[in-house]
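S.K.: Handing you a structure now.
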Amino acid sequence: MYAYTKELRLNKADDFSSVFILRKTRNGQWLKIHYKVNDLGYSRLGLIVSKKNHKRANKRNYMKRVIRELFRLEQPKWNGFDVIFRINKFFTQDDFVKIHEEFIKLTEKLLKLDTKEHITPSEAV
RNA sequence: AGAUUAGCUUAGGCAAUCGCGAGAGUAAAAUUUCGAGGAAAGUCCGGACACCAUAAGGACAUAGUGCUGGGUAACCCCCAGGAACAUGCCUUUAAGGGCAUUGUGACGGAAAGUGGCACAGAAAAUAUACCGCCGUAAAAGGUAAGGGUGAAAAGGUGGGGUAAAAGCCCACCGCAGUGCUGGUAACAGCUCUGGCAGGCAAAACCCCGCUUGGUGCAAGACUAAAUAGGUAUUCUGAAGUAGGUCCUCUAUGCGUGAGGAGUUCAUCUCCCCACAGGAAUACGGGUAAGUUGCUUGAGCUUAGCAGUAAUGCUAUGCCUAGAUGAAUGAUUGCGUGAUACAGAAUCCGGCUUAUUGAGCUAAUCUCUCU
RNA sequence: CGGGGCGUAGCGCAGUCUGGUUAGCGCACUUGAUUUGGGAUCAAGGGGUCGUGAGUUCGAAUCCCACCGCCCCGA
């Protein structure tokens with residue numbers, strides 16, 4: 001149920017650009033998301049972490065891991081969406097709780113209707 | 001015992017839940033094994049490997065490198081040693097000399113050549129003579145002791161000597177050279193000889209010795225769609241339509257070009273030659289895409305031996321990431337000195353830089369005790 | 001994986017190849033003059049660890065080495 005396999009990733013440039021063209025975005029302090037409905041029945045994740053966010057590779061890898069982890073835990077509650085996350089601002093382990101809150105806030109529009117009624121995001125964690 | 005400096009080692013262990021990459025396993029699951037670093041970094045050197053070029057080697061150019069010996073697959077690397085310098089102490093009238101240091105140590109050639117040395121100073125390299133000194137009636141002449149300039153001025157100190165001076169002479173020191181001794185060598189020591197060559201800089205050009213083909217895993221190898229094009233073979237050249245009309249005839253005519261003939265106002269007509277159309281099949285090249293290269297290697301562990309050491313040899317055991325939108329995280333607990341810097345991308349050997357805490361070694365200093 | 005360039009005053013640039021004792025230029029800034037006032041103009045002035053650190057040299061922005069930051073290019 002909480003798996004994160006290769007099928008749940010956006011890999012091709014066409015997939016990315018099709019999401020960008022729709023221009024549906026939400027912005028937060030650390031994160032920015034682009035999203036688009038798909039017909040697959042499950043959500044897919046794309047990540048953009050540039051060298052301008054942080055120069056060191058291990059710090060960028062950490063940010064990617066955190067977002068993948070949150071996606072893994074949250075995506076079963078969503079309708080089928082292609083979602084691309086971009087990092088606005090560099091964050092570390094100390095900011096994890098804040099990042100989690102922001103993640104849930106940004107993605108509340110993607111929730112399925114029935115889960116929205118029964119479970120609040122904070123309980124799901 | 002503490003502090004400082006320098007160097008070396010180490011980079012964590014166990015457990016729970018949900019997850020990630022690869023292998024094994026299965027019909028599919030279940031299950032199970034392994035899963036970042038000392039710098040993985042910077043990309044500064046050296047290789048392995050692959051392809052291209054040359055196919056015997058040599059010379060030149062370019063770039064790099066430069067005390068001696070050793071290590072290595074190789075090196076702008078490492079180890080050991082030696083000049084030189086620095087710091088401290090001792091000694092000396094001075095020049096200089098000695099000792100210590102886990103300090104530095106890009107250290108071939110300046111007598112192959114070219115060029116440079118601001119300002120100051122008489123003079124900055126062919127030496128020269130400003131103030132001076134001696135000398136003289138005055139010049140000429142002799143001289144470089146002293147003064148002054150500078151980062152640097154043709155050995156230093158003392159004595160003799162002289163008109164005044166000067167290695168002109170002597171002693172000691174420095175310098176250059178012959179010889180001997182020690183050392184594999186760089187070099188060191190001793191003796192003798194020479195009155196002293198001639199400043200600095202080659203991280204100025206340069207000369208000499210040595211090294212040096214190019215491109216890099218996006219190298220390269222294999223499989224190989226769609227579209228377009230290439231080569232070969234075969235088939236087709238139909239229908240429609242055109243030649244004023246009808247009949248017959250013409251199938252390279254309706255496209256192009258060269259040539260010829262006829263008629264003619266002609267942008268007309270005809271003849272002949274060459275090329276050109278369409279379809280199918282096969283072939284090879286090759287793009288996207290995929291597979292491979294891709295991890296067993298100048299490998300690691302332990303022990304012994306050789307060597308001052310770097311390192312080498314022998315034996316024994318081990319297999320330890322291999323992704324490709326690119327794998328280690330989240331929440332906790334136990335416990336600890338446990339954090340920092342930081343994430344493999346073909347692989348090794350170095351160098352450089354970043355860095356927490358703990359431990360070890362050495363030197364120096366301070367305090368206490370004997 | 002490989003190659004190239006840049007860093008000098010608040011901003012944009014010279015000077016670096018060939019080392020030399022005031023490190024300049026333009027704009028901006030400050031003060032004064034001019035004007036009723038402002039702008040423009042004229043005159044004077046301030047402002048620099050030459051990206052950082054070591055080295056060569058009597059002397060380094062310049063030469064050598066190592067780092068830091070920024071930009072560009074090729075496969």
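Just remember, in the structure tokens the first chain shown is A, the second B, etc., residues are 1-based per chain, and ligands are 1-based in the order shown.
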Identify, on the basis of only C-alpha atoms (C1' of nucleotides), every residue whose closest approach to U62 in chain C does not exceed 9 Å; exclude the query and any residue fewer than 2 positions from it along the same chain; express the result as a PDB file with C-alpha atoms (C1' of nucleotides), in the first residue's frame.
M.R.:
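Below is the file result-v3.pdb, written as the result:
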ATOM      1  C1'   U C  16      49.433  42.180 -15.932  1.00  0.00           C
ATOM      2  C1'   G C  19      58.018  43.343 -12.018  1.00  0.00           C
ATOM      3  C1'   A C  60      54.733  41.502  -6.836  1.00  0.00           C
TER       4        A C  60
END
S.K.: If we count only C-alpha atoms (C1' of nucleotides) and set the cut-off at 12 Å, which residues sit around G46 in chain C, ignoring sequence neighbours fewer than 3 positions away in its own chain? Please answer as a list in words.
M.R.: A9, C29, U30 and U31 of chain C
S.K.: Do a neighbour search on Trp78 in chain A at 9 Å with only C-alpha atoms (C1' of nucleotides), toss out local chain neighbours closer than 4 positions, and write the hits as a PyMOL selection string.
M.R.: chain A and resi 42-43+74+107-113+115
S.K.: How would the residues just picked look written out with C-alpha atoms as a compact mmCIF listing (two decimals), in the first residue's frame?
M.R.:
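Output below, filename again35.txt:
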# COMPACT_ATOMS: atom_id res chain seq x y z
CA TYR A 42 -2.42 6.18 -9.29
CA SER A 43 -0.26 9.25 -8.80
CA GLU A 74 0.42 10.36 1.33
CA THR A 107 -1.53 18.68 -1.53
CA GLU A 108 -4.97 18.89 0.13
CA LYS A 109 -6.60 19.60 -3.23
CA LEU A 110 -5.46 16.23 -4.54
CA LEU A 111 -7.27 14.23 -1.87
CA LYS A 112 -10.05 11.86 -2.73
CA LEU A 113 -13.42 13.06 -1.54
CA THR A 115 -10.87 10.23 2.55
S.K.: Need to verify the contact set: range 282-284 of chain B, 12 Å, only C-alpha atoms (C1' of nucleotides), exclusion of same-chain residues closer than 2 positions in sequence. Can you return it as a list in words?
M.R.: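 Neighbouring residues, sequence-local ones excluded: G230, U231, A232, U233, U234, A280 and G286 of chain B.
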S.K.: What residues in chain B lie within 10 Å of chain A, counting only C-alpha atoms (C1' of nucleotides), written as a PyMOL selection string?
M.R.: chain B and resi 18-20+41+325+328-331+342-343
S.K.: Since we have the selection now, will you write its residues out, keeping N, CA and C atoms (P, O5', C5', C4', C3', O3' and C1' of nucleotides), as an mmCIF file, in the first residue's frame?
M.R.:
data_model
loop_
_atom_site.group_PDB
_atom_site.id
_atom_site.type_symbol
_atom_site.label_atom_id
_atom_site.label_comp_id
_atom_site.auth_asym_id
_atom_site.auth_seq_id
_atom_site.Cartn_x
_atom_site.Cartn_y
_atom_site.Cartn_z
ATOM 1 P P C B 18 6.070 -3.298 9.223
ATOM 2 O "O5'" C B 18 6.109 -2.005 8.289
ATOM 3 C "C5'" C B 18 4.951 -1.184 8.178
ATOM 4 C "C4'" C B 18 5.267 0.097 7.461
ATOM 5 C "C3'" C B 18 5.967 -0.059 6.112
ATOM 6 O "O3'" C B 18 5.064 -0.420 5.071
ATOM 7 C "C1'" C B 18 7.008 1.663 7.356
ATOM 8 P P G B 19 5.607 -1.129 3.768
ATOM 9 O "O5'" G B 19 6.491 0.044 3.164
ATOM 10 C "C5'" G B 19 7.408 -0.220 2.128
ATOM 11 C "C4'" G B 19 8.200 1.017 1.815
ATOM 12 C "C3'" G B 19 9.426 0.786 0.937
ATOM 13 O "O3'" G B 19 9.085 0.788 -0.435
ATOM 14 C "C1'" G B 19 10.052 2.008 2.844
ATOM 15 P P C B 20 9.742 -0.238 -1.444
ATOM 16 O "O5'" C B 20 11.109 0.497 -1.802
ATOM 17 C "C5'" C B 20 11.089 1.829 -2.297
ATOM 18 C "C4'" C B 20 12.495 2.336 -2.523
ATOM 19 C "C3'" C B 20 13.410 1.401 -3.282
ATOM 20 O "O3'" C B 20 13.206 1.469 -4.683
ATOM 21 C "C1'" C B 20 14.537 2.222 -1.384
ATOM 22 P P A B 41 34.718 12.287 -6.167
ATOM 23 O "O5'" A B 41 34.090 13.104 -4.936
ATOM 24 C "C5'" A B 41 33.008 14.027 -5.124
ATOM 25 C "C4'" A B 41 33.494 15.432 -4.835
ATOM 26 C "C3'" A B 41 34.713 15.826 -5.685
ATOM 27 O "O3'" A B 41 34.427 16.111 -7.026
ATOM 28 C "C1'" A B 41 35.148 16.291 -3.422
ATOM 29 P P G B 325 17.300 7.526 -15.809
ATOM 30 O "O5'" G B 325 16.644 8.088 -14.471
ATOM 31 C "C5'" G B 325 17.442 8.744 -13.497
ATOM 32 C "C4'" G B 325 16.591 9.663 -12.681
ATOM 33 C "C3'" G B 325 15.240 9.094 -12.311
ATOM 34 O "O3'" G B 325 14.905 9.525 -11.003
ATOM 35 C "C1'" G B 325 14.967 11.085 -13.554
ATOM 36 P P U B 328 17.791 5.874 -0.397
ATOM 37 O "O5'" U B 328 17.779 5.105 0.991
ATOM 38 C "C5'" U B 328 17.531 5.809 2.200
ATOM 39 C "C4'" U B 328 18.489 5.366 3.263
ATOM 40 C "C3'" U B 328 19.560 6.401 3.612
ATOM 41 O "O3'" U B 328 19.811 6.389 4.998
ATOM 42 C "C1'" U B 328 20.574 4.390 2.925
ATOM 43 P P G B 329 20.189 7.727 5.774
ATOM 44 O "O5'" G B 329 18.872 8.614 5.899
ATOM 45 C "C5'" G B 329 18.474 9.506 4.865
ATOM 46 C "C4'" G B 329 16.977 9.496 4.692
ATOM 47 C "C3'" G B 329 16.171 9.623 5.985
ATOM 48 O "O3'" G B 329 16.092 10.966 6.416
ATOM 49 C "C1'" G B 329 15.261 7.897 4.641
ATOM 50 P P A B 330 15.964 11.297 7.970
ATOM 51 O "O5'" A B 330 14.449 10.941 8.282
ATOM 52 C "C5'" A B 330 13.398 11.711 7.709
ATOM 53 C "C4'" A B 330 12.062 11.115 8.068
ATOM 54 C "C3'" A B 330 11.832 10.921 9.566
ATOM 55 O "O3'" A B 330 11.391 12.110 10.182
ATOM 56 C "C1'" A B 330 11.216 8.953 8.389
ATOM 57 P P U B 331 11.963 12.489 11.613
ATOM 58 O "O5'" U B 331 11.173 11.494 12.553
ATOM 59 C "C5'" U B 331 9.756 11.542 12.619
ATOM 60 C "C4'" U B 331 9.206 10.386 13.418
ATOM 61 C "C3'" U B 331 9.849 10.173 14.775
ATOM 62 O "O3'" U B 331 9.317 11.055 15.742
ATOM 63 C "C1'" U B 331 9.596 8.089 13.663
ATOM 64 P P A B 342 31.092 20.635 3.530
ATOM 65 O "O5'" A B 342 31.336 19.478 2.473
ATOM 66 C "C5'" A B 342 30.300 18.621 2.068
ATOM 67 C "C4'" A B 342 30.802 17.200 2.041
ATOM 68 C "C3'" A B 342 30.020 16.244 1.136
ATOM 69 O "O3'" A B 342 30.472 16.333 -0.194
ATOM 70 C "C1'" A B 342 30.417 15.251 3.247
ATOM 71 P P G B 343 29.421 16.422 -1.422
ATOM 72 O "O5'" G B 343 29.342 14.914 -1.872
ATOM 73 C "C5'" G B 343 28.494 14.014 -1.230
ATOM 74 C "C4'" G B 343 28.772 12.617 -1.672
ATOM 75 C "C3'" G B 343 28.190 12.283 -3.048
ATOM 76 O "O3'" G B 343 29.039 11.386 -3.715
ATOM 77 C "C1'" G B 343 27.166 10.932 -1.382
#
S.K.: Can you check which residues of range 6-82 of chain A DSSP gives as helix (DSSP H, G or I) on the backbone and send them as a ChimeraX atom specification?
M.R.: /A:6-8,13-22,57-77
S.K.: Would you save the residues from that selection as a compact mmCIF listing (two decimals), in the first residue's frame, using N, CA and C atoms?
M.R.:
# COMPACT_ATOMS: atom_id res chain seq x y z
N LYS A 6 9.14 2.10 -9.42
CA LYS A 6 9.54 2.91 -10.56
C LYS A 6 8.35 3.40 -11.38
N GLU A 7 7.22 2.68 -11.28
CA GLU A 7 6.06 3.12 -12.06
C GLU A 7 5.48 4.41 -11.53
N LEU A 8 5.77 4.73 -10.29
CA LEU A 8 5.20 5.94 -9.70
C LEU A 8 6.08 7.17 -9.94
N ALA A 13 10.83 13.50 -20.42
CA ALA A 13 10.71 14.95 -20.55
C ALA A 13 9.31 15.34 -21.01
N ASP A 14 8.67 14.48 -21.81
CA ASP A 14 7.32 14.78 -22.28
C ASP A 14 6.34 14.84 -21.11
N ASP A 15 6.49 13.89 -20.16
CA ASP A 15 5.61 13.88 -19.01
C ASP A 15 5.75 15.17 -18.22
N PHE A 16 7.01 15.59 -18.04
CA PHE A 16 7.24 16.81 -17.30
C PHE A 16 6.59 18.01 -17.98
N SER A 17 6.85 18.12 -19.28
CA SER A 17 6.39 19.33 -19.95
C SER A 17 4.86 19.36 -20.04
N SER A 18 4.24 18.18 -20.12
CA SER A 18 2.78 18.18 -20.17
C SER A 18 2.19 18.70 -18.86
N VAL A 19 2.87 18.43 -17.75
CA VAL A 19 2.42 18.96 -16.48
C VAL A 19 2.63 20.47 -16.42
N PHE A 20 3.76 20.91 -16.93
CA PHE A 20 4.06 22.34 -16.87
C PHE A 20 3.09 23.15 -17.71
N ILE A 21 2.69 22.59 -18.86
CA ILE A 21 1.84 23.34 -19.78
C ILE A 21 0.50 23.67 -19.13
N LEU A 22 0.02 22.80 -18.25
CA LEU A 22 -1.27 23.04 -17.62
C LEU A 22 -1.26 24.24 -16.68
N ALA A 57 26.03 17.71 -3.08
CA ALA A 57 25.15 16.67 -3.59
C ALA A 57 24.42 15.95 -2.47
N ASN A 58 25.08 15.75 -1.31
CA ASN A 58 24.41 14.99 -0.27
C ASN A 58 23.23 15.75 0.30
N LYS A 59 23.31 17.10 0.34
CA LYS A 59 22.19 17.90 0.83
C LYS A 59 21.02 17.83 -0.15
N ARG A 60 21.31 17.87 -1.42
CA ARG A 60 20.24 17.76 -2.42
C ARG A 60 19.58 16.39 -2.36
N ASN A 61 20.41 15.35 -2.19
CA ASN A 61 19.87 14.00 -2.09
C ASN A 61 18.94 13.89 -0.89
N TYR A 62 19.31 14.51 0.22
CA TYR A 62 18.46 14.46 1.41
C TYR A 62 17.09 15.06 1.12
N MET A 63 17.08 16.20 0.48
CA MET A 63 15.79 16.84 0.17
C MET A 63 14.93 15.94 -0.72
N LYS A 64 15.57 15.28 -1.68
CA LYS A 64 14.82 14.40 -2.56
C LYS A 64 14.24 13.22 -1.78
N ARG A 65 15.02 12.67 -0.87
CA ARG A 65 14.55 11.54 -0.07
C ARG A 65 13.35 11.93 0.77
N VAL A 66 13.42 13.09 1.37
CA VAL A 66 12.33 13.50 2.25
C VAL A 66 11.05 13.62 1.46
N ILE A 67 11.14 14.21 0.29
CA ILE A 67 9.93 14.40 -0.49
C ILE A 67 9.39 13.08 -1.01
N ARG A 68 10.29 12.19 -1.40
CA ARG A 68 9.84 10.86 -1.82
C ARG A 68 9.15 10.15 -0.68
N GLU A 69 9.68 10.25 0.52
CA GLU A 69 9.10 9.60 1.68
C GLU A 69 7.70 10.12 1.96
N LEU A 70 7.55 11.44 1.91
CA LEU A 70 6.24 12.02 2.16
C LEU A 70 5.27 11.61 1.07
N PHE A 71 5.72 11.61 -0.16
CA PHE A 71 4.86 11.18 -1.28
C PHE A 71 4.40 9.75 -1.08
N ARG A 72 5.34 8.89 -0.66
CA ARG A 72 5.03 7.49 -0.46
C ARG A 72 3.91 7.32 0.57
N LEU A 73 3.98 8.10 1.66
CA LEU A 73 3.01 7.95 2.72
C LEU A 73 1.66 8.56 2.35
N GLU A 74 1.65 9.61 1.56
CA GLU A 74 0.42 10.36 1.33
C GLU A 74 -0.32 9.94 0.08
N GLN A 75 0.41 9.42 -0.94
CA GLN A 75 -0.21 9.31 -2.25
C GLN A 75 -1.38 8.32 -2.32
N PRO A 76 -1.49 7.28 -1.49
CA PRO A 76 -2.68 6.40 -1.59
C PRO A 76 -3.98 7.13 -1.34
N LYS A 77 -3.93 8.27 -0.65
CA LYS A 77 -5.16 9.01 -0.38
C LYS A 77 -5.58 9.90 -1.55
S.K.: To one decimal place in Å, what is the distance between C1' of C130 in chain B and C1' of U149 in chain B?
M.R.: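 Taking C1' of C130 in chain B as the start and C1' of U149 in chain B as the end point, the length is 11.5 Å.
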S.K.: Check chain A with DSSP on the backbone and list each residue it calls strand (DSSP E or B), as an NGL selection string.
M.R.: :A and (9 or 25-27 or 31-37 or 44-48 or 78 or 81-87 or 111)
S.K.: Kindly give the distance, in Å, that separates C1' of U181 in chain B and C1' of G82 in chain B, rounded to a single decimal.
M.R.: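 Interatomic distance, C1' of U181 in chain B to C1' of G82 in chain B: 18.7 Å.
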S.K.: So which residues touch A28 in chain C within 12 Å, counting only C-alpha atoms (C1' of nucleotides), skipping near sequence neighbours fewer than 3 positions away, as a list in words?
M.R.: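 Selected residues are A9, G10, C11, G12 and G47 of chain C.
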S.K.: Between C1' of G299 in chain B and C1' of G349 in chain B, what is the distance, to one decimal in Å?
M.R.: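 C1' of G349 in chain B lies 12.9 Å from C1' of G299 in chain B.
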S.K.: Quick one: everything within 12 Å of C170 in chain B, counting only C-alpha atoms (C1' of nucleotides), minus sequence neighbours fewer than 5 positions away in the same chain. Send it as a PyMOL selection string.
M.R.: chain B and resi 158-161+195
S.K.: Suppose we keep C-alpha atoms (C1' of nucleotides); can you now write the selection as a PDB file, in the first residue's frame?
M.R.:
ATOM      1  C1'   G B 158      94.743  42.197  12.404  1.00  0.00           C
ATOM      2  C1'   G B 159      99.866  43.338  11.479  1.00  0.00           C
ATOM      3  C1'   G B 160     103.854  44.823   8.255  1.00  0.00           C
ATOM      4  C1'   G B 161     104.734  48.155   4.451  1.00  0.00           C
ATOM      5  C1'   G B 195      96.816  36.186  -4.037  1.00  0.00           C
TER       6        G B 195
END
S.K.: Just the residues within 12 Å of G109 in chain B, please, counting only C-alpha atoms (C1' of nucleotides), with nothing from its chain fewer than 3 positions along; format it as a list of chain:residue names.
M.R.: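 Counting only C-alpha atoms (C1' of nucleotides), the residues come to B:G66, B:A112, B:A202, B:C206, B:C207, B:C208, B:G209.
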S.K.: Find the residue from B:A118, B:A242, B:A83, B:C77 that sits nearest to C58 in chain C; use only C-alpha atoms (C1' of nucleotides) when measuring.
M.R.: B:A118
